[in-house]
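What's in data-v7.cif: mmCIF, C-alpha atoms
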```cif
data_upload
loop_
_atom_site.group_PDB
_atom_site.id
_atom_site.type_symbol
_atom_site.label_atom_id
_atom_site.label_comp_id
_atom_site.auth_asym_id
_atom_site.auth_seq_id
_atom_site.Cartn_x
_atom_site.Cartn_y
_atom_site.Cartn_z
ATOM 1 C CA MET A 1 52.765 34.170 -49.177
ATOM 2 C CA ASN A 2 54.870 31.947 -51.423
ATOM 3 C CA ARG A 3 55.778 29.697 -48.472
ATOM 4 C CA ILE A 4 52.140 28.871 -47.767
ATOM 5 C CA GLY A 5 51.581 27.830 -51.400
ATOM 6 C CA ASN A 6 54.634 25.637 -51.287
ATOM 7 C CA LEU A 7 53.469 24.084 -48.044
ATOM 8 C CA LYS A 8 50.096 23.180 -49.568
ATOM 9 C CA VAL A 9 51.825 21.609 -52.568
ATOM 10 C CA VAL A 10 54.134 19.620 -50.326
ATOM 11 C CA LYS A 11 51.223 18.395 -48.197
ATOM 12 C CA LYS A 12 49.279 17.391 -51.299
ATOM 13 C CA LEU A 13 52.261 15.508 -52.693
ATOM 14 C CA ASN A 14 52.752 13.728 -49.382
ATOM 15 C CA ARG A 15 49.106 12.631 -49.316
ATOM 16 C CA GLU A 16 49.001 11.426 -52.901
ATOM 17 C CA ILE A 17 52.478 10.041 -53.511
ATOM 18 C CA SER A 18 53.384 8.811 -50.073
ATOM 19 C CA PRO A 19 51.303 5.583 -50.197
ATOM 20 C CA LYS A 20 52.866 4.646 -53.526
ATOM 21 C CA LEU A 21 56.354 5.323 -52.235
ATOM 22 C CA ARG A 22 55.683 3.324 -49.074
ATOM 23 C CA TRP A 23 54.428 0.390 -51.139
ATOM 24 C CA LEU A 24 57.460 0.509 -53.454
ATOM 25 C CA ASN A 25 59.763 0.695 -50.466
ATOM 26 C CA TYR A 26 58.015 -2.268 -48.849
ATOM 27 C CA ALA A 27 58.090 -4.305 -52.069
ATOM 28 C CA ASN A 28 61.791 -3.624 -52.589
ATOM 29 C CA THR A 29 62.657 -4.344 -48.987
ATOM 30 C CA TYR A 30 60.676 -7.530 -48.472
ATOM 31 C CA SER A 31 60.813 -9.126 -51.919
ATOM 32 C CA HIS A 32 63.821 -11.197 -50.873
ATOM 33 C CA LYS A 33 61.793 -12.898 -48.148
ATOM 34 C CA SER A 34 60.166 -15.201 -50.663
ATOM 35 C CA SER A 35 63.456 -16.352 -52.127
ATOM 36 C CA ALA A 36 64.890 -19.800 -51.572
ATOM 37 C CA ASP A 37 67.980 -18.323 -49.896
ATOM 38 C CA TYR A 38 65.896 -16.525 -47.282
ATOM 39 C CA ILE A 39 63.748 -19.580 -46.575
ATOM 40 C CA SER A 40 66.770 -21.849 -46.194
ATOM 41 C CA MET A 41 68.432 -19.282 -43.908
ATOM 42 C CA ILE A 42 65.381 -19.126 -41.637
ATOM 43 C CA SER A 43 64.470 -22.818 -41.660
ATOM 44 C CA GLY A 44 67.950 -24.315 -41.779
ATOM 45 C CA VAL A 45 66.802 -26.681 -44.532
ATOM 46 C CA GLU A 46 69.008 -26.479 -47.582
ATOM 47 C CA GLU A 47 66.618 -28.097 -50.020
ATOM 48 C CA LEU A 48 63.073 -29.350 -49.878
ATOM 49 C CA GLN A 49 62.626 -33.079 -50.325
ATOM 50 C CA SER A 50 60.213 -32.619 -53.221
ATOM 51 C CA GLY A 51 62.723 -30.461 -55.095
ATOM 52 C CA SER A 52 65.513 -32.979 -54.754
ATOM 53 C CA ASP A 53 63.187 -35.813 -55.791
ATOM 54 C CA THR A 54 62.171 -33.900 -58.897
ATOM 55 C CA ARG A 55 65.781 -33.237 -59.833
ATOM 56 C CA ARG A 56 66.724 -36.892 -59.374
ATOM 57 C CA LEU A 57 63.759 -37.956 -61.497
ATOM 58 C CA GLU A 58 64.728 -35.490 -64.211
ATOM 59 C CA ALA A 59 68.301 -36.786 -64.175
ATOM 60 C CA MET A 60 66.978 -40.338 -64.579
ATOM 61 C CA VAL A 61 64.786 -39.240 -67.509
ATOM 62 C CA ARG A 62 67.750 -37.553 -69.172
ATOM 63 C CA GLU A 63 69.922 -40.653 -68.738
ATOM 64 C CA GLN A 64 67.218 -42.902 -70.145
ATOM 65 C CA LEU A 65 66.667 -40.665 -73.168
ATOM 66 C CA LYS A 66 70.417 -40.551 -73.857
ATOM 67 C CA ALA A 67 70.604 -44.334 -73.582
ATOM 68 C CA GLU A 68 67.678 -44.933 -75.940
ATOM 69 C CA PHE A 69 68.454 -42.167 -78.441
ATOM 70 C CA PRO A 70 72.183 -41.473 -78.974
ATOM 71 C CA ASN A 71 73.138 -37.815 -79.493
ATOM 72 C CA ILE A 72 69.636 -36.616 -78.623
ATOM 73 C CA GLU A 73 70.976 -34.025 -76.189
ATOM 74 C CA SER A 74 72.414 -32.036 -79.099
ATOM 75 C CA MET A 75 69.004 -31.670 -80.755
ATOM 76 C CA LYS A 76 66.927 -28.507 -80.361
ATOM 77 C CA SER A 77 63.874 -30.376 -79.074
ATOM 78 C CA TYR A 78 65.741 -32.251 -76.327
ATOM 79 C CA GLU A 79 64.696 -29.893 -73.518
ATOM 80 C CA PHE A 80 61.088 -29.923 -74.726
ATOM 81 C CA LEU A 81 61.135 -33.716 -74.752
ATOM 82 C CA VAL A 82 62.504 -33.844 -71.212
ATOM 83 C CA ASP A 83 59.827 -31.382 -70.074
ATOM 84 C CA ALA A 84 57.092 -33.406 -71.777
ATOM 85 C CA VAL A 85 58.232 -36.661 -70.181
ATOM 86 C CA MET A 86 58.442 -35.005 -66.755
ATOM 87 C CA HIS A 87 54.975 -33.521 -67.235
ATOM 88 C CA ASN A 88 53.511 -36.912 -68.120
ATOM 89 C CA ILE A 89 55.152 -38.573 -65.115
ATOM 90 C CA LYS A 90 53.864 -35.905 -62.738
ATOM 91 C CA LYS A 91 50.395 -36.120 -64.264
ATOM 92 C CA LYS A 92 50.351 -39.887 -63.702
ATOM 93 C CA GLN A 93 51.527 -39.399 -60.122
ATOM 94 C CA LEU A 94 48.698 -36.946 -59.457
ATOM 95 C CA ARG A 95 46.138 -39.329 -60.939
ATOM 96 C CA ALA A 96 47.449 -42.154 -58.777
ATOM 97 C CA MET A 97 47.222 -39.948 -55.686
ATOM 98 C CA ASP A 98 43.642 -38.988 -56.586
ATOM 99 C CA ASN A 99 42.727 -42.652 -56.995
ATOM 100 C CA LEU A 100 44.073 -43.410 -53.501
ATOM 101 C CA LYS A 101 41.742 -40.848 -51.967
#
```

Representation of the structure as structure tokens:
Amino acid sequence: MNRIGNLKVVKKLNREISPKLRWLNYANTYSHKSSADYISMISGVEELQSGSDTRRLEAMVREQLKAEFPNIESMKSYEFLVDAVMHNIKKKQLRAMDNLK
């Protein structure tokens, strides 16, 4: 008699918990497929052109800020300033692209 009760409990747990466990298993297993390492392994491309262009542009912005304002890189707001300049440049690029269309 006790075995039948246990069987019903096990079946109920399988019905109710199993979808959640399957989803967690799927999420843990396939979360790495959206990473840059996985994409570069599949495509053979080490870095996207847009990413390298953005990094070069940011390096140029940093150099220009250091040239115009000595010792600015030691200030707390330096990273915010770099981000703001990059944001403004990208915003202008998007506007220029919209104007071409």

*Please provide as a VMD selection string all residues within 12 Å of Met60 in chain A, with the sequence filter that same-chain residues fewer than 6 positions apart are discarded (counting all atoms listed in the file).*
chain A and resid 53 to 54 66 to 67 82 85 to 86 89

*Could you tell me how far CA of Ala84 in chain A lies from CA of Leu100 in chain A, in Å and to one decimal?*
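One can read the CA of Ala84 in chain A to CA of Leu100 in chain A distance as 24.6 Å.
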
Write out as lines of an AutoDock Vina configuration file an axis-aligned box for range 50-64 of chain A: all of its atoms listed in the file, 3 Å added on each side, centre and edge lengths in Å with one decimal.
```
center_x = 65.1
center_y = -36.7
center_z = -61.7
size_x = 15.7
size_y = 18.4
size_z = 22.9
```

*Neighbour residues at most 12 Å from (68.0, -40.1, -73.8) (all atoms listed in the file) as a count of residues only*: 24
